[in-house]
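Encoded as structure tokens, the structure appears first; notes follow it.
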Amino acid sequence: MSHKTMINIGPFHPLQEEAEFFQLYVDGERVVDVDVRISYNHRGIEKLDESKTFDQVPFVVERVCGICSASHPLAYVQAVEDIAHVQVPERALYLRTIVNELERIHSHLLWVGLAGHFLGYNTVFMWAWKYREPILDALEVATGSRVNYANCKIGGVRRDMTDEQLKEIDRLATESYGPVEMLTKAVIDDPVLHARLKNVGVLSKADARAYGATGPTGRGSGLPIDVRRDDPYAAYDRIDWQVHYEESGDVFAKAKVRLLETLEAVKIIQRAVRAIPGGEIDAKVQNIPPGEAVGHVEAPRGETFHYVRSDGSNYPVRHKVRAPSFNNIPTFKASCIGQEIADVAITLASVDPCYSCTERMCAAVDAESGRRMFDFAQLVKLSQEKTQRLRRQL
Amino acid sequence: MAVKHWALKKSLWVYHVNTGACNNCDIEVLDLLTPRFDIERFGMILVGSPRHADVLAVTGTCTRQAMPRLQELYRQAAKPVVVLAIGSCAGAQGIFTEAYHMGSPVDETIRAVDPNAIIAYVPGCPPKPEAMIAAVVKAWDVIDTL
Ligand code: SF4
């Protein structure tokens, strides 16, 4: 006879930076079902944006998720630029590319470190984060801050970079190529990692497609999708670079894709720094006409998608954010079930889930009166009424 | 200064609570552990349970969902415990002040449980790791006065 046990992980758990709540249903050592509860981090950013002017919104959206704080504002400003039909100056496009690729390196190294930590390889954690520091320095050189860049604005970028700054970024990125290559080789050749990661948490190509997996999660499962190539933005179509993908769909493939992408990002930065043209950095947008548009950007975790609607006033009337983890987190249903419990931590980590960008909240609203239904007090009341009803029937 | 407090200063154990942060403050807290800042050399480590903690490093705005959990964590922590409110969010809800899903600010949430809680604020969005180390040094001074 099978016996199902429920294991709760979270919401405040030492393994996770963020508050999230997993419920694993296990039968012996095997996971038979998984449930994810979120919303501890929900801050209502979409609603908040409606009370900010178009120029203020980038500062809010870069705080959707701190690790993607270059991608979210970029997706937003691209949407607004589309509404206003702005031609962004060449130089600004290159500057955007540089900051976005630096962000990708820092995010992927962060993931490699945490993955090493989950597997009990704390050396990998320390090394990866050590090699990440120069990249944060480069970001500080480029934008003035280690993690919140305030780089994008509608029509261009907020700050130009001098030649010295560009040289310094080039130097810091180039110097990190060697260590990242060493890490990549160490991961690809390590027999223990092979045993631990190969055929673990497999997400098949069909499942990846069905769940709409994006970014390294999809690319690890043989879906060579990448917004940077498929719908080029910034300066990605002016630079020569490659999309990396793997067929096997296991955790190992996802790790390999991320490491190869990190190396590719260094190359993109080197080429962008050499090819950057001079000139203006801002198209000086005056007003935003009524209209609607979408902007999407390949964030480190996958495609981030922003929808903006304007009615010609100073404020967006609707701003919708769909972050990559929103697609990637449901793939747990395909990749975790059938695993051993010991493999679950790394399988959950393998999509590089980010909850602060995915948090949603549900409310049942009466369509006619606009009144919120079923708040906590009402639910308690319903529950009490049911007890009384049952009691009467007995 | 009691022997207990003298000993406490040599080994502050930190429990990290995210009450609705954007992750930046959190990665900067984790950064403290890694080679460049390496706070373990001061006897500080991140621990897995609030019951072991001498310091609660709170990041984030304290959403409605996280509020009762933060209070529960504070109740569970062994006293004396120093609360570090890290970042503008934890200090005063930062950019999210007007959002609909905010609970009360971190300090008010904790003061509702213990009016005499020791709370150190680390402003910045996110504060640099150096600033967090400076906050811990200030926490030492507070422990001296206990
Ligand atoms: S203070 Fe700033 S960096 Fe820290 S969690 Fe809040 S928004 Fe993010």
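Residues in the structure tokens are named by chain (A, B, ... in the order shown) and by number from 1 within that chain; ligands are numbered from 1 in the order shown.
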Tell me which protein, DNA and RNA residues are within 12 Å of Val187 in chain A, counting only C-alpha atoms, leaving out same-chain ones fewer than 3 positions away, and put them as a PyMOL selection string. chain A and resi 112-113+115-116+121+124+128+180-184+190-198+251-260
Can you pull out the residues contacting Leu203 in chain A? Cut-off 12 Å, using only C-alpha atoms, and skip same-chain residues under 5 positions away; I want them as a PyMOL selection string. chain A and resi 198+208-213+216-223+246-254+328+330-339+347-348+350-351
Taking only C-alpha atoms and all ligand atoms into account, which residues have an atom no farther than 8 Å from ligand 1? I'd like them as a PyMOL selection string. (chain A and resi 63+65-66+147-148) or (chain B and resi 20-26+59-61+86-90+93-96+123-127)
Show me which bits of chain B are within 7 Å of chain A, counting only C-alpha atoms, as an MDAnalysis selection string. chainID B and resid 17:24 26 34:36 48 63 65:66 99:102
Step one, run DSSP on the backbone; step two, keep only residues of chain B assigned to helix (DSSP H, G or I); then write them as a PDB file with C-alpha atoms, in the first residue's frame.
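Written out: out_25.pdb:
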ATOM      1  CA  VAL B   3      30.072  37.414  30.611  1.00  0.00           C
ATOM      2  CA  LYS B   4      27.227  36.366  28.369  1.00  0.00           C
ATOM      3  CA  HIS B   5      27.341  39.631  26.452  1.00  0.00           C
ATOM      4  CA  TRP B   6      31.111  39.569  26.266  1.00  0.00           C
ATOM      5  CA  ALA B   7      30.905  36.117  24.696  1.00  0.00           C
ATOM      6  CA  LEU B   8      28.058  37.150  22.422  1.00  0.00           C
ATOM      7  CA  LYS B   9      30.192  39.829  20.809  1.00  0.00           C
ATOM      8  CA  LYS B  10      32.704  37.237  19.655  1.00  0.00           C
ATOM      9  CA  ASN B  24      19.344  42.950  -4.137  1.00  0.00           C
ATOM     10  CA  CYS B  25      19.655  43.396  -0.425  1.00  0.00           C
ATOM     11  CA  ASP B  26      19.660  39.613  -0.079  1.00  0.00           C
ATOM     12  CA  ILE B  27      22.457  39.014  -2.513  1.00  0.00           C
ATOM     13  CA  GLU B  28      24.458  41.720  -0.796  1.00  0.00           C
ATOM     14  CA  VAL B  29      23.871  39.957   2.541  1.00  0.00           C
ATOM     15  CA  LEU B  30      25.087  36.697   0.982  1.00  0.00           C
ATOM     16  CA  ASP B  31      28.020  38.598  -0.464  1.00  0.00           C
ATOM     17  CA  ILE B  39      32.492  38.219   7.766  1.00  0.00           C
ATOM     18  CA  GLU B  40      33.128  34.752   9.117  1.00  0.00           C
ATOM     19  CA  ARG B  41      36.497  36.056  10.227  1.00  0.00           C
ATOM     20  CA  PHE B  42      34.611  38.129  12.833  1.00  0.00           C
ATOM     21  CA  PRO B  50      15.974  31.893  14.357  1.00  0.00           C
ATOM     22  CA  ARG B  51      16.375  30.009  17.637  1.00  0.00           C
ATOM     23  CA  HIS B  52      20.129  30.038  17.123  1.00  0.00           C
ATOM     24  CA  MET B  67       4.124  40.438   8.628  1.00  0.00           C
ATOM     25  CA  PRO B  68       2.793  37.755  11.005  1.00  0.00           C
ATOM     26  CA  ARG B  69       5.691  35.474  10.039  1.00  0.00           C
ATOM     27  CA  LEU B  70       8.229  38.144  10.918  1.00  0.00           C
ATOM     28  CA  GLN B  71       6.610  38.580  14.315  1.00  0.00           C
ATOM     29  CA  GLU B  72       6.691  34.850  14.863  1.00  0.00           C
ATOM     30  CA  LEU B  73      10.370  34.697  13.920  1.00  0.00           C
ATOM     31  CA  TYR B  74      11.129  37.502  16.336  1.00  0.00           C
ATOM     32  CA  ARG B  75       9.315  35.668  19.112  1.00  0.00           C
ATOM     33  CA  GLN B  76      11.315  32.533  18.405  1.00  0.00           C
ATOM     34  CA  GLY B  87      17.920  48.639   3.050  1.00  0.00           C
ATOM     35  CA  SER B  88      15.499  51.465   2.483  1.00  0.00           C
ATOM     36  CA  CYS B  89      12.677  48.949   2.228  1.00  0.00           C
ATOM     37  CA  ALA B  90      13.178  47.538   5.696  1.00  0.00           C
ATOM     38  CA  GLY B  91      13.878  50.993   7.086  1.00  0.00           C
ATOM     39  CA  ALA B  92      10.836  52.816   5.762  1.00  0.00           C
ATOM     40  CA  GLY B  94      11.356  52.598   0.416  1.00  0.00           C
ATOM     41  CA  ILE B  95       9.837  52.980  -2.998  1.00  0.00           C
ATOM     42  CA  PHE B  96       6.939  50.682  -2.133  1.00  0.00           C
ATOM     43  CA  VAL B 106       9.616  46.360   9.834  1.00  0.00           C
ATOM     44  CA  ASP B 107      10.345  48.363  12.969  1.00  0.00           C
ATOM     45  CA  GLU B 108       6.668  48.866  13.822  1.00  0.00           C
ATOM     46  CA  THR B 109       5.942  45.214  13.135  1.00  0.00           C
ATOM     47  CA  ILE B 110       8.601  44.131  15.573  1.00  0.00           C
ATOM     48  CA  ARG B 111       7.833  46.825  18.158  1.00  0.00           C
ATOM     49  CA  PRO B 129      28.261  45.299   2.201  1.00  0.00           C
ATOM     50  CA  GLU B 130      30.658  47.627   4.015  1.00  0.00           C
ATOM     51  CA  ALA B 131      27.670  49.506   5.425  1.00  0.00           C
ATOM     52  CA  MET B 132      26.233  46.268   6.754  1.00  0.00           C
ATOM     53  CA  ILE B 133      29.501  45.474   8.496  1.00  0.00           C
ATOM     54  CA  ALA B 134      29.451  48.966  10.016  1.00  0.00           C
ATOM     55  CA  ALA B 135      25.935  48.267  11.297  1.00  0.00           C
ATOM     56  CA  VAL B 136      27.109  45.132  13.033  1.00  0.00           C
ATOM     57  CA  VAL B 137      29.887  47.122  14.690  1.00  0.00           C
ATOM     58  CA  LYS B 138      27.228  49.495  16.002  1.00  0.00           C
ATOM     59  CA  ALA B 139      25.274  46.514  17.251  1.00  0.00           C
ATOM     60  CA  TRP B 140      28.348  45.569  19.265  1.00  0.00           C
ATOM     61  CA  ASP B 141      28.253  48.973  20.942  1.00  0.00           C
ATOM     62  CA  VAL B 142      24.634  48.391  21.876  1.00  0.00           C
ATOM     63  CA  ILE B 143      25.428  45.009  23.351  1.00  0.00           C
ATOM     64  CA  ASP B 144      28.106  46.731  25.489  1.00  0.00           C
ATOM     65  CA  THR B 145      25.440  48.852  27.131  1.00  0.00           C
TER      66      THR B 145
END
Shortest interatomic distance to Asp54 in chain B - which of B:Leu12, B:Val83, B:Val122, B:Leu32, counting only C-alpha atoms: B:Leu12
As a PyMOL selection string, which residues of range 55-210 of chain A does DSSP assign to strand (DSSP E or B)? chain A and resi 152-153+156-157
Export all heavy atoms of the chosen residues as a CSV table (one decimal), in the first residue's frame?
chain,number,residue,atom,x,y,z
A,152,CYS,N,18.7,52.8,-17.8
A,152,CYS,CA,17.8,53.1,-18.9
A,152,CYS,C,16.9,54.3,-18.7
A,152,CYS,O,16.4,54.4,-17.6
A,152,CYS,CB,17.0,51.9,-19.2
A,152,CYS,SG,17.8,50.6,-20.1
A,153,LYS,N,16.7,55.0,-19.7
A,153,LYS,CA,15.6,56.0,-19.7
A,153,LYS,C,14.9,55.9,-21.0
A,153,LYS,O,15.5,55.4,-22.0
A,153,LYS,CB,16.1,57.4,-19.3
A,153,LYS,CG,16.9,58.0,-20.4
A,153,LYS,CD,17.4,59.4,-20.0
A,153,LYS,CE,16.3,60.4,-20.2
A,153,LYS,NZ,16.8,61.8,-20.1
A,156,GLY,N,16.9,56.5,-24.5
A,156,GLY,CA,18.3,56.3,-24.4
A,156,GLY,C,18.8,55.7,-23.1
A,156,GLY,O,18.2,54.9,-22.5
A,157,VAL,N,20.0,56.2,-22.7
A,157,VAL,CA,20.5,55.9,-21.4
A,157,VAL,C,20.7,57.1,-20.6
A,157,VAL,O,20.8,58.2,-21.1
A,157,VAL,CB,21.8,55.0,-21.4
A,157,VAL,CG1,21.5,53.7,-22.0
A,157,VAL,CG2,22.8,55.8,-22.2
